[in-house]
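Pasted below: start.txt, compact mmCIF, C-alpha atoms (C1' of nucleotides).
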# COMPACT_ATOMS: atom_id res chain seq x y z
CA MET O 26 -8.00 6.11 31.54
CA SER O 27 -4.85 4.74 30.03
CA TYR O 28 -1.49 5.84 28.76
CA GLU O 29 -2.70 9.37 28.07
CA ALA O 30 -2.59 10.36 31.72
CA ALA O 31 0.90 8.91 32.01
CA ILE O 32 2.22 10.88 29.03
CA SER O 33 0.64 14.04 30.34
CA ALA O 34 2.16 13.44 33.77
CA LEU O 35 5.60 12.95 32.28
CA ASP O 36 5.38 16.24 30.43
CA ASP O 37 6.69 18.15 33.42
CA ALA O 38 10.28 18.43 34.60
CA THR O 39 9.36 18.43 38.28
CA ARG O 40 7.29 15.28 38.01
CA ARG O 41 10.02 13.54 36.01
CA LEU O 42 12.47 14.47 38.75
CA LEU O 43 10.18 13.06 41.41
CA LEU O 44 9.87 9.81 39.50
CA GLU O 45 13.60 9.58 39.01
CA ARG O 46 14.18 10.08 42.71
CA LEU O 47 11.78 7.24 43.34
CA THR O 48 13.73 4.90 41.09
CA ALA O 49 16.25 4.76 43.92
CA GLY O 50 13.59 3.58 46.33
CA PRO O 51 10.49 4.73 48.25
CA LEU O 52 10.45 8.23 49.76
CA SER O 53 8.05 10.25 51.88
CA ALA O 54 6.31 13.35 50.53
CA GLY O 55 8.53 15.55 52.66
CA GLU O 56 11.70 13.87 51.44
CA LEU O 57 10.53 14.24 47.88
CA ALA O 58 9.83 17.94 48.37
CA ALA O 59 13.17 18.63 50.06
CA GLY O 60 15.57 20.71 48.00
CA LEU O 61 13.10 21.53 45.28
CA PRO O 62 12.70 25.18 44.27
CA ILE O 63 8.92 25.05 44.68
CA SER O 64 6.68 24.95 47.72
CA ARG O 65 5.74 21.72 49.46
CA PRO O 66 2.04 21.98 48.51
CA ALA O 67 3.09 22.29 44.88
CA VAL O 68 4.94 18.99 45.21
CA SER O 69 1.87 17.50 46.82
CA GLN O 70 -0.17 18.49 43.80
CA HIS O 71 2.39 16.92 41.48
CA LEU O 72 2.22 13.74 43.49
CA ARG O 73 -1.50 13.66 43.01
CA VAL O 74 -1.10 13.87 39.25
CA LEU O 75 1.41 11.03 39.36
CA ARG O 76 -0.93 8.98 41.52
CA GLU O 77 -3.92 9.51 39.23
CA ALA O 78 -1.77 8.40 36.31
CA ASN O 79 -0.91 5.22 38.24
CA LEU O 80 2.75 6.12 38.09
CA VAL O 81 3.23 6.15 41.86
CA HIS O 82 1.54 4.46 44.75
CA GLU O 83 0.99 6.00 48.18
CA ARG O 84 1.12 4.18 51.49
CA ARG O 85 0.34 5.85 54.80
CA GLU O 86 2.90 5.13 57.45
CA GLY O 87 2.12 6.89 60.70
CA THR O 88 1.90 10.58 59.92
CA LYS O 89 4.03 10.12 56.84
CA ARG O 90 3.00 9.12 53.36
CA VAL O 91 5.49 6.98 51.56
CA TYR O 92 5.52 7.00 47.78
CA ARG O 93 6.93 4.36 45.50
CA LEU O 94 6.82 3.71 41.78
CA ASP O 95 3.75 1.93 40.47
CA PRO O 96 4.42 -0.55 37.67
CA SER O 97 0.93 -0.37 36.16
CA GLY O 98 1.10 3.16 34.74
CA LEU O 99 4.58 2.55 33.43
CA SER O 100 3.60 -0.67 31.70
CA GLN O 101 0.62 0.99 30.03
CA LEU O 102 2.92 3.68 28.73
CA ARG O 103 5.45 1.18 27.55
CA ALA O 104 2.78 -0.80 25.74
CA TYR O 105 1.72 2.27 23.80
CA PHE O 106 5.26 3.23 22.89
CA ASP O 107 6.18 -0.28 21.88
CA SER O 108 3.28 -0.53 19.46
CA PHE O 109 4.08 2.89 18.10
CA TRP O 110 7.77 2.10 17.78
CA GLN O 111 7.03 -1.03 15.85
CA ARG O 112 4.83 0.73 13.31
CA ALA O 113 7.30 3.58 13.02
CA LEU O 114 10.21 1.28 12.37
CA THR O 115 8.22 -0.59 9.75
CA ASP O 116 7.59 2.71 8.00
CA PHE O 117 11.26 3.63 8.11
CA LYS O 118 12.10 0.35 6.51
CA ASP O 119 9.45 0.75 3.79
CA SER O 120 10.57 4.30 3.08
CA ALA O 121 14.16 3.17 2.73
CA ASP O 122 13.09 0.46 0.31
CA ASN O 123 11.01 2.82 -1.85
CA GLU O 124 13.77 5.40 -1.82
CA HIS O 125 15.41 3.58 -4.72
CA GLU O 126 12.57 4.05 -7.24
CA GLY O 127 13.84 5.12 -10.65
CA GLU O 128 17.46 4.83 -9.63
CA GLY O 129 20.12 2.57 -10.98
CA PRO O 130 22.79 2.68 -13.75
CA MET Z 1 17.43 20.00 23.44
CA SER Z 2 16.69 16.33 23.69
CA TYR Z 3 13.94 14.02 24.78
CA GLU Z 4 12.09 16.78 26.62
CA ALA Z 5 10.75 18.31 23.42
CA ALA Z 6 9.62 14.89 22.25
CA ILE Z 7 7.71 14.16 25.45
CA SER Z 8 6.11 17.58 25.33
CA ALA Z 9 5.13 17.05 21.71
CA LEU Z 10 3.53 13.71 22.49
CA ASP Z 11 1.41 15.27 25.23
CA ASP Z 12 -1.32 16.20 22.76
CA ALA Z 13 -3.94 13.96 21.21
CA THR Z 14 -3.87 15.73 17.85
CA ARG Z 15 -0.10 15.41 17.50
CA ARG Z 16 -0.23 11.75 18.50
CA LEU Z 17 -2.87 11.21 15.83
CA LEU Z 18 -0.70 12.91 13.22
CA LEU Z 19 2.24 10.71 14.14
CA GLU Z 20 0.12 7.58 14.01
CA ARG Z 21 -1.13 8.51 10.57
CA LEU Z 22 2.46 8.87 9.49
CA THR Z 23 3.33 5.38 10.67
CA ALA Z 24 1.43 4.19 7.58
CA GLY Z 25 3.70 6.25 5.35
CA PRO Z 26 4.53 9.82 4.30
CA LEU Z 27 1.68 12.32 3.90
CA SER Z 28 1.37 15.94 2.81
CA ALA Z 29 0.29 18.67 5.21
CA GLY Z 30 -3.09 18.86 3.52
CA GLU Z 31 -3.65 15.14 3.74
CA LEU Z 32 -2.71 15.20 7.39
CA ALA Z 33 -5.16 18.03 8.08
CA ALA Z 34 -8.04 16.37 6.21
CA GLY Z 35 -10.86 15.15 8.41
CA LEU Z 36 -9.54 16.71 11.59
CA PRO Z 37 -11.95 18.82 13.64
CA ILE Z 38 -9.51 21.75 13.76
CA SER Z 39 -8.44 24.28 11.17
CA ARG Z 40 -5.60 23.63 8.75
CA PRO Z 41 -3.35 26.33 10.24
CA ALA Z 42 -3.76 24.65 13.61
CA VAL Z 43 -2.44 21.44 12.08
CA SER Z 44 0.42 23.38 10.56
CA GLN Z 45 1.36 24.64 14.02
CA HIS Z 46 1.25 21.12 15.39
CA LEU Z 47 3.52 19.99 12.57
CA ARG Z 48 6.01 22.66 13.54
CA VAL Z 49 6.10 21.36 17.10
CA LEU Z 50 6.68 17.84 15.83
CA ARG Z 51 9.42 19.07 13.51
CA GLU Z 52 11.21 21.00 16.24
CA ALA Z 53 11.10 17.87 18.38
CA ASN Z 54 12.72 15.93 15.54
CA LEU Z 55 9.75 13.61 15.43
CA VAL Z 56 8.89 14.36 11.80
CA HIS Z 57 10.87 15.49 8.80
CA GLU Z 58 9.58 17.80 6.07
CA ARG Z 59 10.43 17.59 2.39
CA ARG Z 60 9.21 20.13 -0.16
CA GLU Z 61 7.74 18.56 -3.24
CA GLY Z 62 6.43 21.15 -5.66
CA THR Z 63 3.90 23.22 -3.79
CA LYS Z 64 3.32 20.41 -1.33
CA ARG Z 65 5.25 19.57 1.80
CA VAL Z 66 5.52 15.91 2.52
CA TYR Z 67 6.01 14.79 6.10
CA ARG Z 68 7.44 11.55 7.31
CA LEU Z 69 8.52 10.18 10.64
CA ASP Z 70 11.99 11.12 11.83
CA PRO Z 71 13.86 8.36 13.66
CA SER Z 72 16.12 10.70 15.63
CA GLY Z 73 13.51 12.19 17.95
CA LEU Z 74 11.97 8.81 18.56
CA SER Z 75 15.28 7.20 19.39
CA GLN Z 76 16.13 9.97 21.87
CA LEU Z 77 12.80 9.40 23.57
CA ARG Z 78 13.28 5.67 23.60
CA ALA Z 79 16.73 6.03 25.12
CA TYR Z 80 15.32 8.06 27.99
CA PHE Z 81 12.49 5.66 28.63
CA ASP Z 82 14.71 2.63 28.46
CA SER Z 83 17.08 3.99 31.09
CA PHE Z 84 14.14 4.98 33.25
CA TRP Z 85 12.47 1.61 32.81
CA GLN Z 86 15.59 -0.18 33.85
CA ARG Z 87 15.97 1.80 37.06
CA ALA Z 88 12.27 1.46 37.81
CA LEU Z 89 12.29 -2.30 37.35
CA THR Z 90 15.33 -2.60 39.58
CA ASP Z 91 13.46 -0.71 42.27
CA PHE Z 92 10.42 -2.95 41.94
CA LYS Z 93 12.59 -5.96 42.36
CA ASP Z 94 14.33 -4.51 45.42
CA SER Z 95 11.02 -3.53 46.95
CA ALA Z 96 9.64 -7.00 46.42
CA ASP Z 97 12.72 -8.47 48.09
CA ASN Z 98 12.46 -6.18 51.11
CA GLU Z 99 8.74 -6.79 51.37
CA HIS Z 100 9.44 -10.00 53.29
CA GLU Z 101 11.14 -8.37 56.29
CA GLY Z 102 9.85 -9.83 59.55
CA GLU Z 103 7.67 -12.36 57.82
CA GLY Z 104 7.81 -16.11 57.95
CA PRO Z 105 6.03 -18.99 59.79
C1' DC L 16 -6.35 16.57 75.84
C1' DA L 17 -3.06 19.98 73.91
C1' DG L 18 0.45 20.64 70.76
C1' DA L 19 3.44 19.39 67.12
C1' DA L 20 4.57 16.89 62.79
C1' DG L 21 3.44 15.70 58.26
C1' DC L 22 0.53 16.27 54.38
C1' DG L 23 -3.36 17.22 51.53
C1' DT L 24 -6.90 20.61 49.74
C1' DA L 25 -8.96 25.21 48.45
C1' DA L 26 -8.82 29.62 46.36
C1' DG L 27 -6.77 32.90 43.70
C1' DA L 28 -3.05 34.79 40.49
C1' DT L 29 -0.42 34.16 36.24
C1' DG L 30 1.91 32.22 32.27
C1' DT L 31 1.34 29.74 28.28
C1' DA L 32 -0.51 26.13 24.85
C1' DG L 33 -3.72 25.72 21.31
C1' DC L 34 -7.40 27.59 18.58
C1' DT L 35 -9.26 30.93 14.96
C1' DT L 36 -9.14 34.46 11.39
C1' DA L 37 -6.42 37.11 8.32
C1' DC L 38 -2.36 37.60 5.75
C1' DA L 39 2.22 36.15 3.53
C1' DT L 40 4.92 33.14 0.66
C1' DA L 41 6.27 29.81 -2.93
C1' DA L 42 5.48 26.88 -6.87
C1' DG L 43 2.75 25.39 -10.87
C1' DC L 44 -0.49 26.74 -14.85
C1' DC L 45 -2.45 29.52 -18.67
C1' DG M 13 2.42 38.43 -15.58
C1' DG M 14 -1.79 36.99 -13.14
C1' DC M 15 -4.49 33.17 -10.92
C1' DT M 16 -4.74 29.00 -8.32
C1' DT M 17 -2.92 25.57 -5.13
C1' DA M 18 -0.70 24.42 -0.96
C1' DT M 19 1.02 25.73 3.12
C1' DG M 20 3.38 28.53 6.78
C1' DT M 21 3.21 32.78 9.92
C1' DA M 22 1.16 36.57 12.86
C1' DA M 23 -2.02 38.43 16.17
C1' DG M 24 -5.31 37.91 19.43
C1' DC M 25 -8.46 35.19 22.49
C1' DT M 26 -9.53 31.61 25.88
C1' DA M 27 -8.88 27.68 28.72
C1' DC M 28 -6.04 25.28 31.62
C1' DA M 29 -1.76 23.99 34.22
C1' DT M 30 1.06 25.37 37.87
C1' DC M 31 2.43 28.22 41.49
C1' DT M 32 1.63 30.53 46.20
C1' DT M 33 -0.66 31.42 50.62
C1' DA M 34 -3.94 29.94 53.95
C1' DC M 35 -6.32 26.38 56.09
C1' DG M 36 -7.94 21.53 57.37
C1' DC M 37 -7.12 16.80 58.64
C1' DT M 38 -4.60 12.74 60.83
C1' DT M 39 -1.44 10.72 63.79
C1' DC M 40 1.96 10.57 67.32
C1' DT M 41 3.72 12.43 71.95
C1' DG M 42 3.82 14.46 76.53
Let me see the file written as structure tokens.
Amino acid sequence: MSYEAAISALDDATRRLLLERLTAGPLSAGELAAGLPISRPAVSQHLRVLREANLVHERREGTKRVYRLDPSGLSQLRAYFDSFWQRALTDFKDSADNEHEGEGP
Amino acid sequence: MSYEAAISALDDATRRLLLERLTAGPLSAGELAAGLPISRPAVSQHLRVLREANLVHERREGTKRVYRLDPSGLSQLRAYFDSFWQRALTDFKDSADNEHEGEGP
DNA sequence: CAGAAGCGTAAGATGTAGCTTACATAAGCC
DNA sequence: GGCTTATGTAAGCTACATCTTACGCTTCTG
């Protein structure tokens, strides 16, 4: 339970598209499925994955279910990447420094 | 060819572990495979995925192959996330603003 | 209450990612 | 040249992710 589910969820073009549509604002499951080249149940299954990764949040509204982005999953993911980035950049810097061993005039 | 390969590459615990080991500095393929619960060829295949995603860079050194982190793949990934983050945060803010419709004393 | 609207869930088919074993390749050593 | 070290590649197997079709569950409407 953490960033792993979020990474896994993002490793799918359809789910990334769904998330990007939601960056413009909340949408119902039907609206999210509209225009996609896959069946509506398939979209429903993708939405479940996104929900279990805490990337979206569902709210029942009459017979509709409105989805919106969930900050918690995104922040977990960002925390992981930020720590990784920092270590990676430090390594780049160290490598660049050590690249000059045995050089000179 | 872009951030998609990087996301896909990160969706694997073994590859994430390899990358994290490399944040401490360059390592040979054998050193990277040491201690892992999978075979060495399996690690070699993971390294290929990381290389094709521009997340690591290989340098031949005698009979060894030394791997180090590659900034290009990481920066592509970061660019995607940053743009996504920004849109997502904007949506959160908008949602919070609209949350107060019809409220009040 | 009957019917429709809007979605989720279940079951089954299929493609593919990741593993293993066996083999190929390239560089150093004697 | 032959042997060892270090590593990548190929072929085949298995597990799982994703799709489709069929069905079930709520909620509104007349």
Would you mind listing what lies within 9 Å of Asp36 in chain O as a list of chain:residue names, with all atoms listed in the file counted and same-chain residues fewer than 4 positions away left out? O:Ala31, O:Ile32, O:Arg40, O:Arg41, Z:Glu4, Z:Ile7, Z:Ser8, Z:Ala9, Z:Leu10, Z:Asp11
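Between C1' of DT38 in chain M and CA of Arg65 in chain O lies a distance of 17.8 Å.
Checking M:DA34, M:DA18, M:DC40, M:DA23 one by one against chain O, counting all atoms listed in the file, you find the shortest gap at M:DC40.
The nearest approach to chain O among the residues Z:Leu32, Z:Ala79, Z:Leu74, Z:Val49, with all atoms listed in the file taken into account, belongs to Z:Leu74.
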Return as lines of an AutoDock Vina configuration file the centre and edge lengths, in Å with one decimal, of the box along x, y and z that encloses every atom of range 16-34 of chain M in the file, padded by 3 Å per side.
center_x = -3.1
center_y = 31.2
center_z = 22.8
size_x = 18.9
size_y = 20.4
size_z = 68.3
List as a list in words the protein and nucleic acid residues near DC28 in chain M, meaning an atom at most 12 Å away when only C-alpha atoms (C1' of nucleotides) are counted, but skip any in the same chain fewer than 5 places from it. DT29, DG30, DT31, DA32 and DG33 of chain L
Set out as a Markdown table a contact list for chain L and chain Z with a cut-off of 8 Å, giving each residue of chain L that qualifies its closest atom pair and distance in Å to one decimal, counting all atoms listed in the file, ordered by chain and rising residue number.
| residue | atom | partner | partner_atom | distance |
| --- | --- | --- | --- | --- |
| L:DG33 | C1' | Z:Ala42 | CA | 7.8 |
| L:DC34 | C1' | Z:Ala42 | CA | 6.8 |
| L:DT35 | C1' | Z:Ser39 | CA | 7.7 |
| L:DA41 | C1' | Z:Thr63 | CA | 7.1 |
| L:DA42 | C1' | Z:Thr63 | CA | 5.0 |
| L:DG43 | C1' | Z:Thr63 | CA | 7.5 |
Those selected residues, please, written with C-alpha atoms (C1' of nucleotides) and delivered as a CSV table (one decimal), in the frame of the given file.
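Printed below is again11.csv as written:
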chain,number,residue,atom,x,y,z
L,33,DG,C1',-3.7,25.7,21.3
L,34,DC,C1',-7.4,27.6,18.6
L,35,DT,C1',-9.3,30.9,15.0
L,41,DA,C1',6.3,29.8,-2.9
L,42,DA,C1',5.5,26.9,-6.9
L,43,DG,C1',2.8,25.4,-10.9
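Every protein or nucleic acid residue with an atom no more than 10 Å from Asp107 in chain O, counting all atoms listed in the file and leaving out same-chain residues fewer than 6 positions away, appears here: Gln101 and Ala113 of chain O; Arg78 of chain Z.
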Surrounding residues of range 49-53 of chain O excluding itself and chain neighbours under 3 positions, 12 Å, only C-alpha atoms (C1' of nucleotides), as a ChimeraX atom specification: /O:42-46,56-59,65,68-69,72,81-95 /Z:84,86-96,98 /L:21-22
